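Student: So I've got this file, target.pdb, and it contains PDB, C-alpha atoms and all ligand atoms:
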```pdb
ATOM      1  CA  MET A   1      -8.972 -41.511  24.396  1.00  0.00           C
ATOM      2  CA  PRO A   2     -11.128 -42.443  27.386  1.00  0.00           C
ATOM      3  CA  THR A   3     -11.727 -40.002  30.166  1.00  0.00           C
ATOM      4  CA  PHE A   4     -10.762 -39.916  33.819  1.00  0.00           C
ATOM      5  CA  VAL A   5     -11.603 -37.603  36.705  1.00  0.00           C
ATOM      6  CA  TYR A   6      -9.318 -35.557  38.909  1.00  0.00           C
ATOM      7  CA  MET A   7     -10.923 -36.293  42.247  1.00  0.00           C
ATOM      8  CA  THR A   8      -9.443 -33.211  43.862  1.00  0.00           C
ATOM      9  CA  ARG A   9     -11.280 -30.976  41.376  1.00  0.00           C
ATOM     10  CA  CYS A  10     -14.574 -32.888  41.241  1.00  0.00           C
ATOM     11  CA  ASP A  11     -17.316 -31.680  43.561  1.00  0.00           C
ATOM     12  CA  GLY A  12     -19.674 -34.578  42.843  1.00  0.00           C
ATOM     13  CA  CYS A  13     -22.318 -32.475  41.070  1.00  0.00           C
ATOM     14  CA  GLY A  14     -23.269 -35.391  38.787  1.00  0.00           C
ATOM     15  CA  GLU A  15     -23.448 -33.438  35.481  1.00  0.00           C
ATOM     16  CA  CYS A  16     -21.151 -35.993  33.841  1.00  0.00           C
ATOM     17  CA  VAL A  17     -23.269 -38.859  35.153  1.00  0.00           C
ATOM     18  CA  ASP A  18     -26.408 -37.363  33.642  1.00  0.00           C
ATOM     19  CA  ILE A  19     -24.915 -36.659  30.240  1.00  0.00           C
ATOM     20  CA  CYS A  20     -22.800 -39.780  29.589  1.00  0.00           C
ATOM     21  CA  PRO A  21     -24.445 -41.771  26.761  1.00  0.00           C
ATOM     22  CA  SER A  22     -22.516 -44.890  27.761  1.00  0.00           C
ATOM     23  CA  ASP A  23     -23.618 -44.667  31.415  1.00  0.00           C
ATOM     24  CA  ILE A  24     -20.101 -45.225  32.671  1.00  0.00           C
ATOM     25  CA  MET A  25     -19.628 -42.068  34.733  1.00  0.00           C
ATOM     26  CA  HIS A  26     -20.594 -42.892  38.289  1.00  0.00           C
ATOM     27  CA  ILE A  27     -20.304 -41.259  41.679  1.00  0.00           C
ATOM     28  CA  ASP A  28     -18.174 -43.154  44.156  1.00  0.00           C
ATOM     29  CA  ARG A  29     -20.409 -43.770  47.181  1.00  0.00           C
ATOM     30  CA  THR A  30     -17.618 -43.363  49.671  1.00  0.00           C
ATOM     31  CA  TYR A  31     -15.755 -40.374  48.277  1.00  0.00           C
ATOM     32  CA  ARG A  32     -18.755 -38.679  46.566  1.00  0.00           C
ATOM     33  CA  ARG A  33     -16.648 -37.994  43.504  1.00  0.00           C
ATOM     34  CA  ALA A  34     -17.182 -39.078  39.913  1.00  0.00           C
ATOM     35  CA  TYR A  35     -15.143 -41.724  38.137  1.00  0.00           C
ATOM     36  CA  ASN A  36     -15.176 -43.480  34.795  1.00  0.00           C
ATOM     37  CA  MET A  37     -16.050 -47.032  35.809  1.00  0.00           C
ATOM     38  CA  GLU A  38     -15.424 -48.645  32.413  1.00  0.00           C
ATOM     39  CA  PRO A  39     -12.941 -46.761  30.220  1.00  0.00           C
ATOM     40  CA  ASN A  40     -13.129 -49.528  27.592  1.00  0.00           C
ATOM     41  CA  PHE A  41     -16.738 -48.584  26.942  1.00  0.00           C
ATOM     42  CA  CYS A  42     -16.059 -44.871  26.612  1.00  0.00           C
ATOM     43  CA  TRP A  43     -17.437 -43.480  23.343  1.00  0.00           C
ATOM     44  CA  GLU A  44     -14.893 -40.678  23.550  1.00  0.00           C
ATOM     45  CA  CYS A  45     -17.688 -38.242  22.844  1.00  0.00           C
ATOM     46  CA  TYR A  46     -16.346 -35.850  25.525  1.00  0.00           C
ATOM     47  CA  SER A  47     -19.831 -34.750  26.491  1.00  0.00           C
ATOM     48  CA  CYS A  48     -18.742 -35.162  30.113  1.00  0.00           C
ATOM     49  CA  VAL A  49     -15.607 -33.072  29.542  1.00  0.00           C
ATOM     50  CA  LYS A  50     -17.706 -30.291  28.091  1.00  0.00           C
ATOM     51  CA  ALA A  51     -20.388 -30.539  30.769  1.00  0.00           C
ATOM     52  CA  CYS A  52     -18.126 -30.558  33.819  1.00  0.00           C
ATOM     53  CA  PRO A  53     -18.290 -27.149  35.494  1.00  0.00           C
ATOM     54  CA  GLN A  54     -15.098 -27.856  37.458  1.00  0.00           C
ATOM     55  CA  HIS A  55     -12.935 -28.888  34.459  1.00  0.00           C
ATOM     56  CA  ALA A  56     -12.271 -32.037  36.471  1.00  0.00           C
ATOM     57  CA  ILE A  57     -12.361 -34.481  33.559  1.00  0.00           C
ATOM     58  CA  ASP A  58      -9.452 -35.178  31.264  1.00  0.00           C
ATOM     59  CA  VAL A  59      -8.552 -37.772  28.705  1.00  0.00           C
ATOM     60  CA  ARG A  60      -5.818 -40.354  28.437  1.00  0.00           C
ATOM     61  CA  GLY A  61      -4.076 -39.885  25.108  1.00  0.00           C
ATOM     62  CA  TYR A  62      -3.220 -42.886  22.968  1.00  0.00           C
ATOM     63  CA  ALA A  63       0.469 -43.648  22.638  1.00  0.00           C
ATOM     64  CA  ASP A  64       0.558 -42.750  18.927  1.00  0.00           C
ATOM     65  CA  PHE A  65      -0.953 -39.367  19.693  1.00  0.00           C
ATOM     66  CA  ALA A  66       0.822 -38.452  22.925  1.00  0.00           C
ATOM     67  CA  PRO A  67       3.536 -40.840  24.148  1.00  0.00           C
ATOM     68  CA  LEU A  68       3.929 -41.970  27.751  1.00  0.00           C
ATOM     69  CA  GLY A  69       4.634 -39.251  30.232  1.00  0.00           C
ATOM     70  CA  HIS A  70       2.349 -36.748  28.544  1.00  0.00           C
ATOM     71  CA  SER A  71      -0.699 -35.007  29.861  1.00  0.00           C
ATOM     72  CA  VAL A  72      -3.762 -33.861  27.933  1.00  0.00           C
ATOM     73  CA  ARG A  73      -5.980 -31.094  29.245  1.00  0.00           C
ATOM     74  CA  VAL A  74      -9.316 -30.223  27.719  1.00  0.00           C
ATOM     75  CA  LEU A  75     -11.114 -27.001  28.429  1.00  0.00           C
ATOM     76  CA  ARG A  76     -14.572 -25.933  27.341  1.00  0.00           C
ATOM     77  CA  GLU A  77     -14.966 -22.191  27.335  1.00  0.00           C
ATOM     78  CA  GLU A  78     -18.599 -21.388  26.807  1.00  0.00           C
ATOM     79  CA  ASP A  79     -18.091 -17.637  26.687  1.00  0.00           C
ATOM     80  CA  LYS A  80     -15.549 -17.971  23.867  1.00  0.00           C
ATOM     81  CA  GLY A  81     -17.474 -20.767  22.124  1.00  0.00           C
ATOM     82  CA  THR A  82     -14.416 -23.012  21.978  1.00  0.00           C
ATOM     83  CA  VAL A  83     -13.016 -26.318  23.149  1.00  0.00           C
ATOM     84  CA  SER A  84      -9.268 -26.221  23.547  1.00  0.00           C
ATOM     85  CA  TRP A  85      -6.778 -29.039  23.982  1.00  0.00           C
ATOM     86  CA  LYS A  86      -3.383 -28.698  25.566  1.00  0.00           C
ATOM     87  CA  ILE A  87      -0.854 -31.506  25.292  1.00  0.00           C
ATOM     88  CA  ARG A  88       2.275 -31.410  27.388  1.00  0.00           C
ATOM     89  CA  TYR A  89       4.925 -33.887  26.257  1.00  0.00           C
ATOM     90  CA  ARG A  90       7.393 -35.413  28.665  1.00  0.00           C
ATOM     91  CA  ASP A  91      10.225 -33.355  27.190  1.00  0.00           C
ATOM     92  CA  GLY A  92       8.336 -30.220  28.151  1.00  0.00           C
ATOM     93  CA  ARG A  93       6.997 -29.271  24.706  1.00  0.00           C
ATOM     94  CA  ILE A  94       3.430 -28.005  24.693  1.00  0.00           C
ATOM     95  CA  LYS A  95       0.965 -28.143  21.804  1.00  0.00           C
ATOM     96  CA  GLU A  96      -2.346 -26.367  21.903  1.00  0.00           C
ATOM     97  CA  PHE A  97      -5.335 -26.845  19.621  1.00  0.00           C
ATOM     98  CA  MET A  98      -8.567 -24.947  19.614  1.00  0.00           C
ATOM     99  CA  PHE A  99     -11.841 -25.900  17.960  1.00  0.00           C
ATOM    100  CA  PRO A 100     -14.973 -23.832  17.567  1.00  0.00           C
ATOM    101  CA  ILE A 101     -18.110 -25.400  19.026  1.00  0.00           C
ATOM    102  CA  ARG A 102     -21.655 -24.881  17.957  1.00  0.00           C
ATOM    103  CA  THR A 103     -23.280 -21.922  19.560  1.00  0.00           C
ATOM    104  CA  THR A 104     -26.659 -23.436  20.370  1.00  0.00           C
ATOM    105  CA  PRO A 105     -27.449 -22.003  23.801  1.00  0.00           C
ATOM    106  CA  TRP A 106     -27.039 -24.506  26.652  1.00  0.00           C
ATOM    107  CA  GLY A 107     -30.300 -26.341  27.356  1.00  0.00           C
ATOM    108  CA  SER A 108     -32.074 -24.929  24.281  1.00  0.00           C
ATOM    109  CA  ILE A 109     -32.225 -28.102  22.172  1.00  0.00           C
ATOM    110  CA  LYS A 110     -35.775 -29.346  21.720  1.00  0.00           C
ATOM    111  CA  GLY A 111     -36.683 -32.856  22.858  1.00  0.00           C
ATOM    112  CA  PRO A 112     -38.242 -35.322  20.360  1.00  0.00           C
ATOM    113  CA  ALA A 113     -41.722 -34.788  21.833  1.00  0.00           C
ATOM    114  CA  GLU A 114     -41.569 -31.090  20.961  1.00  0.00           C
ATOM    115  CA  TYR A 115     -41.400 -31.794  17.222  1.00  0.00           C
ATOM    116  CA  ALA A 116     -44.419 -32.487  15.006  1.00  0.00           C
ATOM    117  CA  VAL A 117     -45.388 -36.144  14.751  1.00  0.00           C
ATOM    118  CA  PRO A 118     -43.693 -37.623  11.665  1.00  0.00           C
ATOM    119  CA  ASP A 119     -45.799 -38.726   8.711  1.00  0.00           C
ATOM    120  CA  PRO A 120     -46.103 -42.570   8.800  1.00  0.00           C
ATOM    121  CA  LYS A 121     -45.854 -42.568   4.983  1.00  0.00           C
ATOM    122  CA  GLY A 122     -42.198 -41.652   5.466  1.00  0.00           C
ATOM    123  CA  LEU A 123     -41.529 -45.278   6.450  1.00  0.00           C
ATOM    124  CA  ASN A 124     -41.928 -46.250   2.792  1.00  0.00           C
ATOM    125  CA  SER A 125     -39.533 -43.605   1.545  1.00  0.00           C
ATOM    126  CA  VAL A 126     -35.932 -44.342   0.616  1.00  0.00           C
ATOM    127  CA  LEU A 127     -34.969 -40.973   2.085  1.00  0.00           C
ATOM    128  CA  LEU A 128     -33.770 -40.585   5.642  1.00  0.00           C
ATOM    129  CA  ALA A 129     -35.278 -38.043   8.026  1.00  0.00           C
ATOM    130  CA  HIS A 130     -34.805 -34.450   6.829  1.00  0.00           C
ATOM    131  CA  GLU A 131     -33.430 -35.554   3.454  1.00  0.00           C
ATOM    132  CA  PRO A 132     -32.836 -33.929   1.072  1.00  0.00           C
ATOM    133  CA  GLU A 133     -33.346 -30.457   2.563  1.00  0.00           C
ATOM    134  CA  ALA A 134     -30.923 -30.960   5.466  1.00  0.00           C
ATOM    135  CA  LEU A 135     -28.185 -32.027   3.024  1.00  0.00           C
ATOM    136  CA  MET A 136     -28.588 -28.751   1.134  1.00  0.00           C
ATOM    137  CA  VAL A 137     -27.955 -30.437  -2.204  1.00  0.00           C
ATOM    138  CA  GLY A 138     -31.300 -29.691  -3.823  1.00  0.00           C
ATOM    139  CA  SER A 139     -32.217 -33.247  -4.699  1.00  0.00           C
ATOM    140  CA  LEU A 140     -30.704 -36.687  -4.463  1.00  0.00           C
ATOM    141  CA  PRO A 141     -30.021 -39.022  -7.387  1.00  0.00           C
ATOM    142  CA  THR A 142     -32.570 -41.819  -7.689  1.00  0.00           C
ATOM    143  CA  LEU A 143     -31.984 -45.417  -8.639  1.00  0.00           C
ATOM    144  CA  THR A 144     -33.517 -46.542 -11.906  1.00  0.00           C
ATOM    145  CA  ALA A 145     -34.253 -50.166 -12.805  1.00  0.00           C
ATOM    146  CA  MET A 146     -31.591 -51.658 -15.076  1.00  0.00           C
ATOM    147  CA  LYS A 147     -32.713 -52.748 -18.509  1.00  0.00           C
ATOM    148  CA  LYS A 148     -32.526 -56.469 -19.206  1.00  0.00           C
ATOM    149  CA  GLU A 149     -30.467 -57.275 -22.323  1.00  0.00           C
TER     150      GLU A 149
HETATM  151 FE1  LIG A 201     -19.249 -40.960  28.762  1.00  0.00          FE
HETATM  152 FE2  LIG A 201     -18.627 -39.667  26.495  1.00  0.00          FE
HETATM  153 FE3  LIG A 201     -17.468 -38.998  28.818  1.00  0.00          FE
HETATM  154 FE4  LIG A 201     -16.841 -41.327  27.651  1.00  0.00          FE
HETATM  155  S1  LIG A 201     -16.440 -39.263  26.832  1.00  0.00           S
HETATM  156  S2  LIG A 201     -17.266 -41.017  29.811  1.00  0.00           S
HETATM  157  S3  LIG A 201     -18.849 -41.903  26.769  1.00  0.00           S
HETATM  158  S4  LIG A 201     -19.656 -38.792  28.278  1.00  0.00           S
HETATM  159 FE1  LIG A 202     -17.315 -34.166  39.180  1.00  0.00          FE
HETATM  160 FE2  LIG A 202     -17.253 -32.707  36.948  1.00  0.00          FE
HETATM  161 FE3  LIG A 202     -18.668 -34.977  37.067  1.00  0.00          FE
HETATM  162 FE4  LIG A 202     -19.489 -32.798  38.398  1.00  0.00          FE
HETATM  163  S1  LIG A 202     -19.360 -33.018  36.158  1.00  0.00           S
HETATM  164  S2  LIG A 202     -19.432 -34.950  39.150  1.00  0.00           S
HETATM  165  S3  LIG A 202     -17.526 -31.924  39.008  1.00  0.00           S
HETATM  166  S4  LIG A 202     -16.437 -34.796  37.227  1.00  0.00           S
END
```
Would you kindly transcribe this structure into structure tokens?
Ligand code: SF4
Ligand code: SF4
Tutor:
Amino acid sequence: MPTFVYMTRCDGCGECVDICPSDIMHIDRTYRRAYNMEPNFCWECYSCVKACPQHAIDVRGYADFAPLGHSVRVLREEDKGTVSWKIRYRDGRIKEFMFPIRTTPWGSIKGPAEYAVPDPKGLNSVLLAHEPEALMVGSLPTLTAMKKE
């Protein structure tokens, strides 16, 4: 479900432009408001929806999810730690969903340069970064060479 911007709510702050990983949120030079310039390339990550301080960004629902005539509103409520979705169908029915979001404080995530330099020997390991500890499974099964008959 790609995003679009309500121009009457947008104040052109550019938060969505900065955060979009697909670089498709742009500020219209004439109107000074944001718009999604290439909905086909939208990752549907909703980072822009969550970042917009004006709640000016919404999504277009797919027909199998919300048939024509619907509207989908997304709201990020930082104080409650939730993202909520509200779908209004054309017959007037309303469905609301709420999801908890992670509670990492805004702006507190460390950049790659703030971590210790990785050990180059890790390039020869079959394990991915932070495996197995990040998987919390103790250890991973290892492949053993098959015996020739
Ligand atoms: Fe960019 Fe993600 Fe927003 Fe799509 S949902 S416009 S990819 S930030
Ligand atoms: Fe407009 Fe919201 Fe984007 Fe700011 S983050 S430019 S208010 S759509």
Student: What residues have any atom no more than 8 Å from ligand LIG 202 (chain A) when counting all atoms listed in the file, and can you list them as a PyMOL selection string?
Tutor: chain A and resi 5-7+9-17+25+27+33-35+48-49+51-57
Student: May I have the centre and edge lengths, in Å to one decimal, of an axis-aligned box around the listed atoms of ligand LIG 201 (chain A) with 5 Å added to every side, as lines of an AutoDock Vina configuration file?
Tutor:
```
center_x = -18.0
center_y = -40.3
center_z = 28.2
size_x = 13.2
size_y = 13.1
size_z = 13.3
```
Student: Give the residue list for ligand LIG 201 (chain A) at 10 Å, counting all atoms listed in the file, as a VMD selection string, sorted by chain and then by residue number.
Tutor: chain A and resid 1 to 5 15 to 26 35 to 52 57 to 59
Student: Please write the residues from the selection above to a file, keeping C-alpha atoms, as a PDB file, keeping the file's coordinate frame.
Tutor:
```pdb
ATOM      1  CA  MET A   1      -8.972 -41.511  24.396  1.00  0.00           C
ATOM      2  CA  PRO A   2     -11.128 -42.443  27.386  1.00  0.00           C
ATOM      3  CA  THR A   3     -11.727 -40.002  30.166  1.00  0.00           C
ATOM      4  CA  PHE A   4     -10.762 -39.916  33.819  1.00  0.00           C
ATOM      5  CA  VAL A   5     -11.603 -37.603  36.705  1.00  0.00           C
ATOM      6  CA  GLU A  15     -23.448 -33.438  35.481  1.00  0.00           C
ATOM      7  CA  CYS A  16     -21.151 -35.993  33.841  1.00  0.00           C
ATOM      8  CA  VAL A  17     -23.269 -38.859  35.153  1.00  0.00           C
ATOM      9  CA  ASP A  18     -26.408 -37.363  33.642  1.00  0.00           C
ATOM     10  CA  ILE A  19     -24.915 -36.659  30.240  1.00  0.00           C
ATOM     11  CA  CYS A  20     -22.800 -39.780  29.589  1.00  0.00           C
ATOM     12  CA  PRO A  21     -24.445 -41.771  26.761  1.00  0.00           C
ATOM     13  CA  SER A  22     -22.516 -44.890  27.761  1.00  0.00           C
ATOM     14  CA  ASP A  23     -23.618 -44.667  31.415  1.00  0.00           C
ATOM     15  CA  ILE A  24     -20.101 -45.225  32.671  1.00  0.00           C
ATOM     16  CA  MET A  25     -19.628 -42.068  34.733  1.00  0.00           C
ATOM     17  CA  HIS A  26     -20.594 -42.892  38.289  1.00  0.00           C
ATOM     18  CA  TYR A  35     -15.143 -41.724  38.137  1.00  0.00           C
ATOM     19  CA  ASN A  36     -15.176 -43.480  34.795  1.00  0.00           C
ATOM     20  CA  MET A  37     -16.050 -47.032  35.809  1.00  0.00           C
ATOM     21  CA  GLU A  38     -15.424 -48.645  32.413  1.00  0.00           C
ATOM     22  CA  PRO A  39     -12.941 -46.761  30.220  1.00  0.00           C
ATOM     23  CA  ASN A  40     -13.129 -49.528  27.592  1.00  0.00           C
ATOM     24  CA  PHE A  41     -16.738 -48.584  26.942  1.00  0.00           C
ATOM     25  CA  CYS A  42     -16.059 -44.871  26.612  1.00  0.00           C
ATOM     26  CA  TRP A  43     -17.437 -43.480  23.343  1.00  0.00           C
ATOM     27  CA  GLU A  44     -14.893 -40.678  23.550  1.00  0.00           C
ATOM     28  CA  CYS A  45     -17.688 -38.242  22.844  1.00  0.00           C
ATOM     29  CA  TYR A  46     -16.346 -35.850  25.525  1.00  0.00           C
ATOM     30  CA  SER A  47     -19.831 -34.750  26.491  1.00  0.00           C
ATOM     31  CA  CYS A  48     -18.742 -35.162  30.113  1.00  0.00           C
ATOM     32  CA  VAL A  49     -15.607 -33.072  29.542  1.00  0.00           C
ATOM     33  CA  LYS A  50     -17.706 -30.291  28.091  1.00  0.00           C
ATOM     34  CA  ALA A  51     -20.388 -30.539  30.769  1.00  0.00           C
ATOM     35  CA  CYS A  52     -18.126 -30.558  33.819  1.00  0.00           C
ATOM     36  CA  ILE A  57     -12.361 -34.481  33.559  1.00  0.00           C
ATOM     37  CA  ASP A  58      -9.452 -35.178  31.264  1.00  0.00           C
ATOM     38  CA  VAL A  59      -8.552 -37.772  28.705  1.00  0.00           C
TER      39      VAL A  59
END
```
Student: Need the shell around range 90-98 of chain A: protein/DNA/RNA residues with any atom at most 8 Å away, counting all atoms listed in the file. Skip same-chain ones fewer than 3 positions apart. Format as an MDAnalysis selection string?
Tutor: chainID A and resid 68:70 82:87
Student: Enter the distance from CA of Tyr62 in chain A to CA of Arg76 in chain A, in Å, rounded to one decimal.
Tutor: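 Calculated distance between CA of Tyr62 in chain A and CA of Arg76 in chain A is 20.9 Å.
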Student: Please, what distance in Å, to one decimal, runs between CA of Lys80 in chain A and CA of Pro100 in chain A?
Tutor: 8.6 Å
Student: Neighbouring residues of Ala129 in chain A were defined as those with any atom within 12 Å, considering only C-alpha atoms; residues of the same chain fewer than 5 positions away were excluded. Please report them as a ChimeraX atom specification.
Tutor: /A:118-124,134-135
Student: Could you work out how far CA of Asp79 in chain A lies from CA of Ile109 in chain A, giving the answer in Å with one decimal?
Tutor: 18.2 Å
